[in-house]
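work_37.txt, holding compact mmCIF, C-alpha atoms:
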# COMPACT_ATOMS: atom_id res chain seq x y z
CA MET R 1 -43.89 12.20 -86.96
CA THR R 2 -45.60 15.56 -86.59
CA THR R 3 -44.20 18.80 -87.80
CA ARG R 4 -43.98 21.40 -85.06
CA THR R 5 -45.52 24.76 -85.93
CA ALA R 6 -46.03 27.91 -83.94
CA GLU R 7 -49.46 26.50 -83.00
CA THR R 8 -48.11 23.16 -81.70
CA PRO R 9 -47.34 23.11 -77.97
CA SER R 10 -43.67 22.63 -77.23
CA THR R 11 -42.07 20.59 -74.51
CA SER R 12 -39.07 22.91 -74.62
CA HIS R 13 -39.37 26.50 -73.51
CA ARG R 14 -36.81 28.30 -75.59
CA PRO R 15 -37.58 32.02 -75.68
CA TRP R 16 -37.00 32.22 -79.42
CA ASP R 17 -39.55 29.56 -80.40
CA ALA R 18 -42.53 31.10 -82.18
CA ARG R 19 -45.86 30.61 -80.43
CA LEU R 20 -48.36 32.07 -82.87
CA ASP R 21 -48.27 33.53 -86.37
CA PHE R 22 -50.00 36.75 -85.39
CA ASP R 23 -49.95 38.21 -88.90
CA THR R 24 -51.86 35.19 -90.24
CA HIS R 25 -54.35 34.87 -87.40
CA ALA R 26 -54.99 38.58 -86.79
CA PRO R 27 -54.38 40.18 -90.21
CA GLY R 28 -56.68 43.14 -89.61
CA VAL R 29 -54.96 44.01 -86.37
CA ALA R 30 -51.53 43.52 -87.96
CA ARG R 31 -52.49 45.91 -90.78
CA ALA R 32 -53.91 48.40 -88.27
CA MET R 33 -50.69 48.23 -86.24
CA ALA R 34 -48.63 48.83 -89.38
CA GLY R 35 -50.82 51.85 -90.16
CA LEU R 36 -50.44 53.17 -86.62
CA ASP R 37 -46.69 52.72 -86.88
CA ARG R 38 -46.56 54.64 -90.16
CA ALA R 39 -48.71 57.42 -88.68
CA ALA R 40 -46.49 57.71 -85.59
CA ALA R 41 -43.31 57.81 -87.71
CA LEU R 42 -44.81 60.41 -90.04
CA LEU R 43 -45.86 62.59 -87.09
CA ALA R 44 -42.34 62.30 -85.65
CA ASP R 45 -40.82 63.25 -88.99
CA ASP R 46 -43.24 66.16 -89.47
CA ALA R 47 -42.51 67.35 -85.93
CA GLY R 48 -38.80 67.37 -86.72
CA LEU R 49 -37.74 64.75 -84.18
CA GLY R 50 -35.30 63.10 -86.56
CA ALA R 51 -34.81 59.45 -87.37
CA GLY R 52 -32.01 58.98 -84.84
CA LEU R 53 -34.09 60.11 -81.87
CA ARG R 54 -37.11 58.19 -83.18
CA GLU R 55 -35.11 54.97 -83.25
CA LEU R 56 -33.40 55.57 -79.90
CA VAL R 57 -36.82 55.94 -78.27
CA ARG R 58 -38.15 52.82 -79.99
CA LEU R 59 -35.03 50.86 -79.15
CA ARG R 60 -35.05 51.84 -75.48
CA ALA R 61 -38.71 50.84 -75.05
CA SER R 62 -38.01 47.55 -76.82
CA GLN R 63 -35.05 46.89 -74.51
CA LEU R 64 -37.23 47.47 -71.46
CA ASN R 65 -39.95 45.20 -72.84
CA GLY R 66 -37.49 42.44 -73.76
CA CYS R 67 -38.61 42.20 -77.38
CA ALA R 68 -35.63 40.59 -79.12
CA TYR R 69 -36.99 41.14 -82.62
CA CYS R 70 -37.72 44.84 -82.03
CA VAL R 71 -34.35 45.43 -80.35
CA GLY R 72 -32.60 44.06 -83.43
CA LEU R 73 -34.88 45.95 -85.81
CA HIS R 74 -34.57 49.34 -84.12
CA ALA R 75 -30.83 48.99 -83.47
CA GLY R 76 -30.39 48.40 -87.20
CA ASP R 77 -32.69 51.29 -88.05
CA ALA R 78 -30.78 53.53 -85.64
CA ARG R 79 -27.47 52.61 -87.30
CA ALA R 80 -29.04 53.29 -90.70
CA ALA R 81 -30.14 56.71 -89.37
CA GLY R 82 -26.51 57.47 -88.50
CA GLU R 83 -26.45 56.60 -84.81
CA PRO R 84 -22.91 55.62 -83.84
CA VAL R 85 -22.36 52.22 -82.26
CA HIS R 86 -20.96 53.68 -79.03
CA ARG R 87 -24.29 55.47 -78.38
CA LEU R 88 -26.28 52.32 -79.11
CA ASP R 89 -24.00 50.35 -76.80
CA ALA R 90 -24.62 52.91 -74.04
CA LEU R 91 -28.37 53.28 -74.53
CA ALA R 92 -29.30 50.85 -71.74
CA VAL R 93 -27.29 53.05 -69.34
CA TRP R 94 -28.09 56.43 -70.87
CA ARG R 95 -28.39 58.10 -67.46
CA GLU R 96 -24.76 57.25 -66.68
CA SER R 97 -23.45 57.93 -70.18
CA PRO R 98 -22.01 61.22 -71.45
CA PHE R 99 -23.11 60.44 -75.02
CA PHE R 100 -26.67 61.86 -74.89
CA HIS R 101 -27.65 65.52 -74.80
CA ASP R 102 -30.37 66.95 -72.57
CA ALA R 103 -33.23 66.74 -75.08
CA GLU R 104 -32.41 63.09 -75.81
CA ARG R 105 -32.27 62.38 -72.09
CA ALA R 106 -35.68 63.96 -71.65
CA ALA R 107 -37.10 61.89 -74.53
CA LEU R 108 -35.56 58.68 -73.18
CA GLY R 109 -36.86 59.43 -69.69
CA LEU R 110 -40.34 59.96 -71.10
CA ALA R 111 -40.10 56.76 -73.16
CA GLU R 112 -39.13 54.79 -70.07
CA ALA R 113 -41.87 56.33 -67.93
CA ILE R 114 -44.55 55.58 -70.53
CA THR R 115 -43.23 52.05 -71.06
CA LEU R 116 -43.17 51.38 -67.31
CA CYS R 117 -46.29 53.41 -66.47
CA ALA R 118 -47.78 50.56 -64.41
CA ASP R 119 -44.96 51.19 -61.92
CA GLY R 120 -46.04 54.75 -61.16
CA HIS R 121 -47.61 56.43 -64.15
CA VAL R 122 -45.62 59.16 -65.87
CA PRO R 123 -44.16 61.31 -63.09
CA HIS R 124 -44.71 65.06 -63.40
CA PRO R 125 -40.95 65.86 -63.34
CA VAL R 126 -40.38 63.47 -66.27
CA TRP R 127 -43.15 65.12 -68.29
CA THR R 128 -41.95 68.61 -67.35
CA ALA R 129 -38.40 67.76 -68.42
CA ALA R 130 -39.64 66.55 -71.81
CA ALA R 131 -41.93 69.58 -72.19
CA GLY R 132 -38.91 71.79 -71.59
CA HIS R 133 -37.26 70.44 -74.74
CA PHE R 134 -40.16 69.56 -77.04
CA ASP R 135 -43.19 71.51 -78.22
CA PRO R 136 -46.70 69.99 -77.95
CA VAL R 137 -46.58 68.43 -81.44
CA GLN R 138 -43.20 66.87 -80.69
CA LEU R 139 -44.49 65.59 -77.35
CA ALA R 140 -47.49 64.07 -79.11
CA ALA R 141 -45.10 62.44 -81.59
CA LEU R 142 -42.95 61.02 -78.79
CA VAL R 143 -46.01 59.64 -76.98
CA SER R 144 -47.26 58.16 -80.28
CA LEU R 145 -43.92 56.48 -80.99
CA VAL R 146 -43.68 55.00 -77.51
CA VAL R 147 -47.27 53.79 -77.38
CA THR R 148 -46.92 52.20 -80.82
CA VAL R 149 -43.63 50.44 -80.12
CA ASN R 150 -45.00 49.21 -76.80
CA ALA R 151 -47.96 47.66 -78.61
CA TRP R 152 -45.64 45.98 -81.11
CA ASN R 153 -43.43 44.78 -78.25
CA ARG R 154 -46.34 43.26 -76.39
CA ILE R 155 -47.50 41.37 -79.47
CA GLY R 156 -43.97 40.22 -80.19
CA VAL R 157 -43.15 39.17 -76.63
CA ALA R 158 -46.47 37.36 -76.16
CA THR R 159 -46.55 35.51 -79.48
CA ARG R 160 -42.90 35.50 -80.58
CA THR R 161 -44.36 35.76 -84.05
CA TRP R 162 -41.42 37.79 -85.33
CA LEU R 163 -38.09 36.28 -84.42
CA PRO R 164 -34.63 37.82 -84.70
CA GLU R 165 -32.94 36.76 -87.89
CA ALA R 166 -29.63 34.93 -87.84
CA GLY R 167 -26.82 37.40 -88.12
CA THR R 168 -28.88 40.33 -86.85
CA PRO R 169 -26.57 42.30 -84.59
Show this structure as structure tokens.
Amino acid sequence: MTTRTAETPSTSHRPWDARLDFDTHAPGVARAMAGLDRAAALLADDAGLGAGLRELVRLRASQLNGCAYCVGLHAGDARAAGEPVHRLDALAVWRESPFFHDAERAALGLAEAITLCADGHVPHPVWTAAAGHFDPVQLAALVSLVVTVNAWNRIGVATRTWLPEAGTP
């Protein structure tokens, strides 16, 4: 009998089965990604974006990308940053929800446009709306957060190297 690992092809196609241990097989890239993530978070903090907004942006991009691990991670981080559950529950429908103020809406719109940029780039009205609420350093921080979480999401979705833990809400 063989032991199935992330490297062993599977006859089942469950979306939660690991495919590749990315951290083991690409340790330099994994470390670089962790450094990029720390740099983006530090820029966001220094720009005064706040942990709640940082995690809402990361969570929304992760939802769009279908990264189960990152959705769980950033939902937990958002709760730890003080985000109430009703806002997290409504994040996927933020446009129809009364729970987000204008600056958050602009940040979420920008996060979605960057995440889905293959569908039409980042439209000028979306950028203009964000620029109406955030200064250039804050915009750079938002772009950095979204680009970084998108990179993490793509690694996670492709390799399923990081899987949601049992009991993760």
Mind checking which residues fall within 10 Å of Ala113 (chain R), counting all atoms listed in the file, ignoring those fewer than 2 positions away in the same chain, and posting them as a list in words?
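Listing them by chain and then by number gives Ala61, Ala107, Leu108, Gly109, Leu110, Ala111, Thr115, Leu116, Cys117, Ala118, Asp119, Gly120, His121, Val122, Pro123, Val126, Trp127 and Val146 of chain R.
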Pick out the closest residue to Asp21 (chain R) from this set: R:Pro98, R:Gly50, R:Gly156, R:Pro164. Count all atoms listed in the file.
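Smallest separation from Asp21 (chain R) among the options: R:Gly156.
Using only C-alpha atoms, the contacts of Trp152 (chain R) at a cut-off of 9 Å, with sequence neighbours closer than 5 positions omitted, comprise Met33, Asp37, Ser62, Cys67, Cys70, Val147 and Val157 of chain R.
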As an exercise, work out the distance from CA of Asp135 (chain R) to CA of Leu49 (chain R) in Å and give it to one decimal place.
10.5 Å
Could you check the closest approach to Ala78 (chain R) for each of R:Ala47, R:Ala41, R:Arg154, R:Leu53 and tell me which residue wins, using all atoms listed in the file?
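Ranking R:Ala47, R:Ala41, R:Arg154, R:Leu53 by distance to Ala78 (chain R), first place goes to R:Leu53.
Proximity of R:Thr24, R:Thr128, R:Gln63, R:Asn150 to Asp89 (chain R), computed with only C-alpha atoms, is greatest for R:Gln63.
You will find CA of Gly76 (chain R) at 24.6 Å from CA of Ala140 (chain R).
With all atoms listed in the file as the basis for measurement, R:Pro125 is the residue among R:Pro84, R:Ile155, R:Pro125, R:Asp23 that approaches Ala106 (chain R) most closely.
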Set the distance at 10 Å and use all atoms listed in the file: which residues neighbour Arg79 (chain R) once local chain neighbours fewer than 6 positions away are removed? I'd like the list as a list in words.
Gly52, Glu55, Leu56, Val85, Arg87 and Leu88 of chain R
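Taking CA of Ala103 (chain R) as the reference point, CA of Leu73 (chain R) is found at 23.5 Å.
Closest approach to Val137 (chain R) among R:Phe100, R:Thr161, R:Ala30, R:Asp45: R:Asp45, based on only C-alpha atoms.
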